[in-house]
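K.L.:
This is work.cif, which holds mmCIF, C-alpha atoms:
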data_input
loop_
_atom_site.label_atom_id
_atom_site.label_comp_id
_atom_site.auth_asym_id
_atom_site.auth_seq_id
_atom_site.Cartn_x
_atom_site.Cartn_y
_atom_site.Cartn_z
CA SER T 497 82.67 128.57 155.93
CA PRO T 498 85.93 126.66 156.55
CA ARG T 499 84.08 123.37 156.12
CA VAL T 500 82.74 124.39 152.70
CA TRP T 501 86.16 125.56 151.52
CA THR T 502 87.66 122.29 152.75
CA ARG T 503 85.16 120.35 150.63
CA VAL T 504 85.91 122.53 147.62
CA LEU T 505 89.64 122.12 148.08
CA LEU T 506 89.28 118.36 148.59
CA LEU T 507 87.03 118.09 145.56
CA SER T 508 89.38 120.21 143.49
CA ALA T 509 92.33 118.03 144.49
CA ALA T 510 90.43 114.91 143.46
CA GLN T 511 89.38 116.51 140.20
CA LEU T 512 92.94 117.60 139.56
CA ALA T 513 94.18 114.06 140.07
CA VAL T 514 91.60 112.76 137.62
CA ILE T 515 92.48 115.50 135.13
CA GLN T 516 96.16 114.65 135.48
CA LEU T 517 95.40 111.00 134.83
CA LEU T 518 93.28 111.89 131.82
CA LEU T 519 95.97 114.19 130.48
CA ARG T 520 98.61 111.50 130.83
CA TYR T 521 96.33 109.06 129.02
CA VAL T 522 95.48 111.50 126.24
CA LEU T 523 99.05 112.67 125.85
CA GLY T 524 100.20 109.07 125.86
CA ASP T 525 97.79 108.30 123.04
CA MET T 526 98.93 111.42 121.23
CA ASN T 527 102.56 110.42 121.61
CA ARG T 528 101.79 106.92 120.35
CA ALA T 529 99.81 108.36 117.45
CA LEU T 530 102.65 110.75 116.68
CA GLU T 531 105.22 107.95 116.75
CA GLU T 532 102.99 105.76 114.54
CA SER T 533 102.64 108.66 112.10
CA ARG T 534 106.39 109.15 112.04
CA SER T 535 106.92 105.42 111.52
CA ALA T 536 104.39 105.38 108.67
CA LEU T 537 106.08 108.40 107.10
CA ARG T 538 109.48 106.66 107.32
CA ARG T 539 108.01 103.58 105.63
CA LEU T 540 106.44 105.67 102.89
CA THR T 541 109.69 107.56 102.35
CA ALA T 542 111.67 104.31 102.19
CA GLU T 543 109.15 102.82 99.76
CA GLN T 544 109.31 105.91 97.58
CA GLU T 545 113.11 105.76 97.58
CA ARG T 546 113.03 102.06 96.62
CA ARG T 547 110.57 102.81 93.83
CA GLU T 548 112.75 105.62 92.51
CA ARG T 549 115.87 103.44 92.67
CA THR T 550 114.04 100.69 90.80
CA GLU T 551 112.84 103.11 88.13
CA ARG T 552 116.37 104.47 87.71
CA ALA T 553 117.78 100.95 87.51
CA LEU T 554 115.25 99.94 84.85
CA GLN T 555 115.87 103.11 82.86
CA THR T 556 119.63 102.66 83.08
CA PHE T 557 119.38 99.04 81.98
CA SER T 558 117.30 100.04 78.96
CA GLU T 559 119.80 102.74 78.05
CA LEU T 560 122.86 100.51 78.50
CA THR T 561 121.51 97.56 76.53
CA GLY T 562 119.21 99.26 74.02
CA GLY T 563 121.84 99.51 71.31
CA VAL T 564 123.84 96.34 71.91
CA THR T 565 123.32 92.74 70.84
CA GLY T 566 124.89 89.32 71.19
CA GLN T 567 127.71 88.80 73.64
CA GLU T 568 127.98 92.50 74.34
CA PHE T 569 124.39 92.49 75.54
CA PHE T 570 124.86 89.48 77.83
CA ASP T 571 128.03 90.98 79.34
CA ALA T 572 126.31 94.32 79.92
CA THR T 573 123.35 92.55 81.52
CA VAL T 574 125.27 90.67 84.21
CA ARG T 575 127.38 93.74 84.98
CA HIS T 576 124.30 95.90 85.41
CA LEU T 577 122.43 93.32 87.49
CA ALA T 578 125.34 92.93 89.89
CA ARG T 579 125.98 96.64 90.28
CA GLU T 580 122.40 97.82 90.55
CA LEU T 581 121.33 95.06 92.95
CA GLY T 582 124.52 95.17 94.98
CA VAL T 583 125.22 91.44 94.65
CA ARG T 584 128.46 89.57 94.11
CA TYR T 585 127.29 87.19 91.38
CA ALA T 586 125.07 87.54 88.30
CA LEU T 587 124.49 84.99 85.55
CA VAL T 588 122.71 84.70 82.24
CA VAL T 589 122.38 80.98 81.59
CA GLU T 590 121.29 78.89 78.63
CA ALA T 591 119.53 75.64 79.42
CA THR T 592 121.35 72.80 77.61
CA ALA T 593 121.81 69.06 77.92
CA ARG T 594 124.73 66.65 77.91
CA ALA T 595 124.99 63.78 75.46
CA ASP T 596 123.39 61.50 78.06
CA GLY T 597 120.43 63.85 78.37
CA ALA T 598 121.36 65.35 81.75
CA ALA T 599 120.11 68.92 82.13
CA MET T 600 122.88 71.51 82.20
CA GLY T 601 123.23 75.25 82.50
CA SER T 602 125.81 77.01 80.32
CA THR T 603 126.58 80.62 81.14
CA LEU T 604 126.31 83.11 78.32
CA ALA T 605 127.79 85.71 80.66
CA ALA T 606 128.90 85.63 84.28
CA TRP T 607 129.85 88.20 86.87
CA ALA T 608 131.72 87.33 90.09
CA ALA T 609 132.74 90.68 91.57
CA GLY T 610 133.97 91.31 88.02
CA PRO T 611 133.77 89.65 84.59
CA ALA T 612 134.06 85.86 84.92
CA ALA T 613 134.86 83.10 82.46
CA ALA T 614 132.01 81.04 81.03
CA PHE T 615 131.27 77.71 82.67
CA ALA T 616 128.69 74.92 82.68
CA TYR T 617 127.07 73.21 85.65
CA PRO T 618 124.40 70.55 86.27
CA LEU T 619 120.91 71.90 86.84
CA PRO T 620 119.50 68.99 88.93
CA GLY T 621 119.65 69.75 92.63
CA SER T 622 120.17 73.48 92.11
CA PRO T 623 117.85 76.46 92.59
CA CYS T 624 118.25 77.08 88.86
CA GLU T 625 116.43 73.80 88.22
CA ASN T 626 113.41 75.19 90.08
CA VAL T 627 113.55 78.42 88.06
CA VAL T 628 113.63 76.52 84.77
CA ALA T 629 110.80 74.23 85.89
CA GLY T 630 108.57 76.74 87.63
CA GLY T 631 109.42 80.42 87.41
CA LEU T 632 110.65 83.15 89.71
CA CYS T 633 112.50 81.76 92.73
CA HIS T 634 113.88 83.65 95.70
CA TYR T 635 115.88 82.22 98.58
CA PRO T 636 116.73 85.09 100.95
CA ASP T 637 119.25 83.17 103.07
CA ARG T 638 120.90 79.78 103.67
CA VAL T 639 120.40 78.75 100.06
CA ALA T 640 123.40 76.41 100.11
CA GLU T 641 121.79 74.47 102.97
CA LEU T 642 118.57 74.15 100.97
CA PHE T 643 120.44 72.74 97.94
CA PRO T 644 123.29 70.62 99.32
CA ARG T 645 123.87 68.94 95.94
CA ASP T 646 124.73 72.26 94.31
CA LYS T 647 128.51 72.42 94.66
CA LEU T 648 128.59 75.77 92.85
CA LEU T 649 126.70 77.42 95.70
CA VAL T 650 129.28 76.09 98.15
CA GLU T 651 132.19 77.26 95.99
CA MET T 652 130.63 80.72 95.74
CA ARG T 653 129.84 80.75 99.47
CA ALA T 654 126.40 81.89 98.39
CA ARG T 655 123.82 82.66 101.04
CA SER T 656 121.02 84.03 98.87
CA TYR T 657 119.60 83.60 95.38
CA ALA T 658 117.00 85.05 93.02
CA GLY T 659 116.31 83.90 89.48
CA VAL T 660 113.77 84.14 86.66
CA PRO T 661 113.35 81.97 83.55
CA ILE T 662 114.17 83.15 80.05
CA ARG T 663 111.29 82.05 77.80
CA ASP T 664 110.56 82.45 74.12
CA HIS T 665 107.34 83.87 72.70
CA VAL T 666 105.50 80.55 73.02
CA GLY T 667 106.61 79.90 76.59
CA HIS T 668 109.46 77.46 76.04
CA THR T 669 112.22 77.92 78.60
CA LEU T 670 115.53 78.81 77.00
CA GLY T 671 117.50 79.50 80.15
CA LEU T 672 117.48 81.82 83.13
CA GLY T 673 118.85 84.99 84.65
CA ALA T 674 120.00 84.79 88.25
CA VAL T 675 121.81 86.68 90.96
CA ARG T 676 123.54 85.21 94.00
CA ASP T 677 125.19 86.86 96.95
CA ASP T 678 127.38 86.03 99.93
CA LYS T 679 124.99 87.90 102.22
CA PRO T 680 121.20 87.67 102.74
CA MET T 681 118.90 89.09 100.08
CA PRO T 682 115.64 89.86 101.91
CA ASP T 683 114.11 92.34 99.45
CA THR T 684 113.45 91.11 95.90
CA GLY T 685 111.14 93.85 94.64
CA SER T 686 113.82 95.63 92.66
CA ALA T 687 115.61 92.38 91.85
CA SER T 688 112.48 90.77 90.46
CA LEU T 689 111.60 93.69 88.19
CA LEU T 690 115.13 94.06 86.87
CA LEU T 691 115.55 90.30 86.38
CA VAL T 692 112.26 90.08 84.49
CA LEU T 693 113.25 92.96 82.22
CA ALA T 694 116.66 91.39 81.61
CA ALA T 695 115.11 87.99 80.93
CA THR T 696 112.61 89.44 78.48
CA ARG T 697 115.34 91.09 76.46
CA ALA T 698 117.66 88.09 76.84
CA ALA T 699 114.98 85.82 75.36
CA ALA T 700 115.14 87.68 72.05
CA GLU T 701 118.94 87.64 72.04
CA LEU T 702 119.17 83.97 72.93
CA GLN T 703 116.60 83.00 70.30
CA ARG T 704 118.56 84.95 67.73
CA LEU T 705 121.75 83.23 68.86
CA ARG T 706 120.16 79.81 68.47
CA ASN T 707 118.88 80.69 65.02
CA GLU T 708 122.40 81.68 63.99
CA ARG T 709 123.74 78.34 65.24
CA GLU T 710 121.22 76.50 63.11
#
Would you write the structure of this file as structure tokens?

P.N.:
Amino acid sequence: SPRVWTRVLLLSAAQLAVIQLLLRYVLGDMNRALEESRSALRRLTAEQERRERTERALQTFSELTGGVTGQEFFDATVRHLARELGVRYALVVEATARADGAAMGSTLAAWAAGPAAAFAYPLPGSPCENVVAGGLCHYPDRVAELFPRDKLLVEMRARSYAGVPIRDHVGHTLGLGAVRDDKPMPDTGSASLLLVLAATRAAAELQRLRNERE
């Protein structure tokens, strides 16, 4: 009868509205899930690319420095650190002391957008002091504000810093390897691995250099 068909039509319209709402909800969840999957895939791809870049950088460093020693090694190290990590400054530093006992850092090799002359600087009040005293240090931004006594940071207009100690086989700190940049350095995964490798090799070279001095 017309009344029955009206009920069916009314019921069907209500059901259709509910179905439409459910479809929008389900499709919304599907879209969110799809976007989350895409985002996860992008992160995985980026991580894989970073890992591959790091592996290539480590392999290249080993190839470039495997057959060199002494000053040639130190020069190759800072050049490779700067180029592979995309930073403006790279240093290999020997920890020394002045006649009055003040702790100093003397560069064995320096890179400042190109080969730079050797120089010495006071360690107190610098991020390098923390590296020598403690270990790996990373300051992703505003490093000059954190170490206002470090005039070298100001002169370099450095914004970021990462460094690792150079230690001998019994754990005595001989110096440090460090990179600085005039832009932020948020990611230190590659930097840390490459700096550690460089510091490990530099320890043997620096110990040999000290033995020759004696």

K.L.:
Written as a list in words, which residues does the PyMOL selection byres ((chain T and resi 567) around 10) give for the file shown?

P.N.:
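Here the PyMOL selection byres ((chain T and resi 567) around 10) matches Val564, Thr565, Gly566, Glu568, Phe569, Phe570, Asp571, Ala572, Thr573, Leu604, Ala605, Glu701, Leu702 and Leu705 of chain T.
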
K.L.:
From the list T:Gly610, T:Pro623, T:Gly659, T:Pro682, which residue is nearest Pro636 of chain T when using all atoms listed in the file?

P.N.:
T:Pro682

K.L.:
Dump as a PyMOL selection string all residues having an atom at most 9 Å from (114.9, 77.8, 87.8), computed in the file's coordinates with all atoms listed in the file.

P.N.:
chain T and resi 619+622-633+659-661+671-674

K.L.:
What separation in Å, quoted to one decimal, exists between atom CA of Arg584 of chain T and atom CA of Gly667 of chain T?

P.N.:
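A separation of 29.6 Å between them.
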
K.L.:
Go through T:His576, T:His668, T:Tyr585, T:Val692 and flag the residue nearest Arg655 of chain T, using only C-alpha atoms for the distances.

P.N.:
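Result for the nearest residue to Arg655 of chain T: T:Tyr585.
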
K.L.:
Just want the 9 Å neighbourhood of Pro611 of chain T, counted on all atoms listed in the file, with same-chain residues fewer than 3 positions away dropped. Output as a VMD selection string.

P.N.:
chain T and resid 571 574 to 575 605 to 608

K.L.:
Taking all atoms listed in the file into account, which of T:Glu708, T:Asp637, T:Asp664, T:Glu590 comes nearest Pro680 of chain T?

P.N.:
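Under the stated criterion, the closest residue is T:Asp637.
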
K.L.:
Could you tell me which residues the PyMOL selection byres ((chain T and resi 592-598) around 9) returns for this structure, as a ChimeraX atom specification?

P.N.:
/T:590-591,599-602,618-620,670-671
